[in-house]
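Take a look at the structure below.
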Amino acid sequence: MVVEKNEFELKKRQLMKKKKRKRVKRRLIVFVFLFVCAAVIFTVLKAPFFNIKTIICVGQENLTEEQIIEIAGAKTGTNIFSTGVNTMKKHLADTPAIAESNVRRLFPNKIKIWVREAKAALYLETSTSFLHVDETGQIIKITDKTQEERPKAAKLLDYTPASELLGEYIVEKDDVTGKIIFDCVTILKKLEMLDKMTSLSAADLSDIRLDYEDRLYIMLGSYEQMEYKLTFVKKVISESISEYEKALLDYRGKNLYVGPRENPDEKTETKPTEEGSSEDENVTEEDKKPEENGENAGQTE
């Protein structure tokens with residue numbers, strides 16, 4: 001019995017030593033693995049092979065590559081792995097002049113920055129500057145009116161902005177006039193008319209007026225049925241008015257009246273007579289047809 005007990009104790013001690021050696025071996029393997037990984041990471045972070053040599057910028061129109069790189073905070077010579085891509089994305093997203101952006105690593109040593117610049121839908125003129133405003137009402141750019149040419153966007157007339165600071169909005173939350181203005185902008189963009197607008201006036205919400213291509217003066221009246229009115233106006237412009245013709249389009253009543261543009265203020269006092277007719281003798285028979293169609297279309301929709 002004593003012999004058997006001694007043999008059992010011996011085998012137990014041997015088994016425990018074997019387990020201990022396995023534990024030590026596993027720990028050694030883990031240590032070596034971590035050491036190798038750390039060495040590889042250190043080598044990668046310090047290797048000149050992974051230093052950024054080229055920064056590619058795509059999508060810009062008005063901004064230069066240098067400006068985009070500066071906004072993003074990208075630098076050549078830094079390691080591609082230690083470069084904060086998310087930080088660059090945040091810097092670009094916080095810039096009012098940039099609507100969308102993305103940053104990617106192109107291994108082993110390139111950074112690619114893609115941007116879509118914010119586009120001015122309207123602009124306001126102050127005593128010293130032009131405020132470029134996007135379709136949401138945010139001021140995306142401010143330029144000195146004495147040094148810069150007039151912005152390529154529709155001028156917003158008779159409106160006092162809530163703010164004149166870059167990145168802020170010209171419309172307050174409870175501003176009904178401002179909401180209607182940008183609802184009009186949304187409709188004009190949808191109808192692909194916004195780029196041809198030269199001015200928009202909503203000083204009187206019952207008498208919204210547009211200037212189209214600096215040759216067509218459009219009086220729309222109130223905001224009611226605005227999309228329908230603009231859709232029909234676009235149809236008349238494309239089908240019945242020469243691209244070189246100047247005209248006044250008065251849609252404050254049930255019908256659309258087309259006449260000469262020379263005296264738009266005088267036309268403002270003119271009221272429609274019977275439906276389907278006009279007091280303007282310069283309206284041709286072809287001009288009258290779409291007016292009648294406009295009345296009928298308004299009844300069916």
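We name chains A, B, ... following the order of the structure tokens; residues begin at 1 in each chain, and ligands are numbered from 1 as shown.
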
Using DSSP on the backbone coordinates, identify all residues within range 133-290 of chain A classified as helix (DSSP H, G or I); present the result as a count of residues only.
-> 44

Contacts between range 120-143 of chain A and range 7-97 of chain A, please, where a residue of range 7-97 of chain A counts if it comes within 12 Å (with only C-alpha atoms); show its shortest atom pair and distance in Å to one decimal, rows by chain and ascending number, as JSON lines.
```
{"residue": "A:Asn62", "atom": "CA", "partner": "A:Lys141", "partner_atom": "CA", "distance": 11.3}
{"residue": "A:Leu63", "atom": "CA", "partner": "A:Lys141", "partner_atom": "CA", "distance": 11.4}
{"residue": "A:Asp94", "atom": "CA", "partner": "A:Ile140", "partner_atom": "CA", "distance": 11.0}
{"residue": "A:Thr95", "atom": "CA", "partner": "A:Ile140", "partner_atom": "CA", "distance": 8.3}
{"residue": "A:Pro96", "atom": "CA", "partner": "A:Ile140", "partner_atom": "CA", "distance": 4.7}
{"residue": "A:Ala97", "atom": "CA", "partner": "A:Ile140", "partner_atom": "CA", "distance": 4.9}
```

Keeping only C-alpha atoms, write the selected residues to a file as a PDB file, in the first residue's frame.
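Final output, saved to out13.pdb:
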```
ATOM      1  CA  ASN A  62     -13.917  76.518 -57.074  1.00  0.00           C
ATOM      2  CA  LEU A  63     -11.699  75.383 -54.233  1.00  0.00           C
ATOM      3  CA  ASP A  94     -17.390  71.345 -40.746  1.00  0.00           C
ATOM      4  CA  THR A  95     -16.574  73.547 -43.742  1.00  0.00           C
ATOM      5  CA  PRO A  96     -19.714  75.304 -45.117  1.00  0.00           C
ATOM      6  CA  ALA A  97     -18.284  75.443 -48.656  1.00  0.00           C
TER       7      ALA A  97
END
```

Long-range neighbours of Asp158 in chain A as a PyMOL selection string, 10 Å cut-off, only C-alpha atoms, 5 positions minimum in chain = chain A and resi 124+200-204

Deliver the residues from the most recent selection as a file, using C-alpha atoms, as a short mmCIF file (atom, residue, chain, number, x, y, z; two decimals), in the first residue's frame.
```cif
data_model
loop_
_atom_site.label_atom_id
_atom_site.label_comp_id
_atom_site.auth_asym_id
_atom_site.auth_seq_id
_atom_site.Cartn_x
_atom_site.Cartn_y
_atom_site.Cartn_z
CA LEU A 124 -27.87 88.47 -50.80
CA LEU A 200 -36.34 86.23 -56.57
CA SER A 201 -38.47 88.62 -54.56
CA ALA A 202 -40.83 87.54 -51.79
CA ALA A 203 -41.25 90.87 -50.00
CA ASP A 204 -44.99 90.39 -50.38
#
```

Residue list (strand (DSSP E), DSSP) for range 11-131 of chain A, as a list in words = Thr54, Ile55, Ile56, Cys57, Val58, Ile98, Ala99, Glu100, Ser101, Asn102, Val103, Arg104, Arg105, Leu106, Lys110, Ile111, Lys112, Ile113, Trp114, Val115, Arg116, Glu117, Leu122, Tyr123, Leu124, Glu125, Ser129, Phe130 and Leu131 of chain A

Contact residues around Glu70 in chain A with only C-alpha atoms at 12 Å, ignoring same-chain residues under 3 positions, as a ChimeraX atom specification = /A:55,57,63-67,73-76,88,91-92,95,113

Include C-alpha atoms and write out the residues we just selected as a short mmCIF file (atom, residue, chain, number, x, y, z; two decimals), in the first residue's frame.
```
data_model
loop_
_atom_site.label_atom_id
_atom_site.label_comp_id
_atom_site.auth_asym_id
_atom_site.auth_seq_id
_atom_site.Cartn_x
_atom_site.Cartn_y
_atom_site.Cartn_z
CA ILE A 55 -2.39 63.65 -51.77
CA CYS A 57 -7.99 65.77 -54.53
CA LEU A 63 -11.70 75.38 -54.23
CA THR A 64 -8.07 74.62 -55.08
CA GLU A 65 -6.23 71.44 -54.13
CA GLU A 66 -4.12 73.48 -51.72
CA GLN A 67 -7.22 74.81 -49.97
CA GLY A 73 -5.10 68.95 -42.42
CA ALA A 74 -3.39 66.36 -44.62
CA LYS A 75 0.40 66.40 -44.82
CA THR A 76 2.96 64.61 -46.91
CA MET A 88 -9.79 64.93 -41.81
CA HIS A 91 -12.63 69.10 -40.77
CA LEU A 92 -14.11 68.82 -44.27
CA THR A 95 -16.57 73.55 -43.74
CA ILE A 113 -9.76 63.32 -50.78
#
```

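CA of Ile187 in chain A is found 16.4 Å from CA of Tyr251 in chain A.
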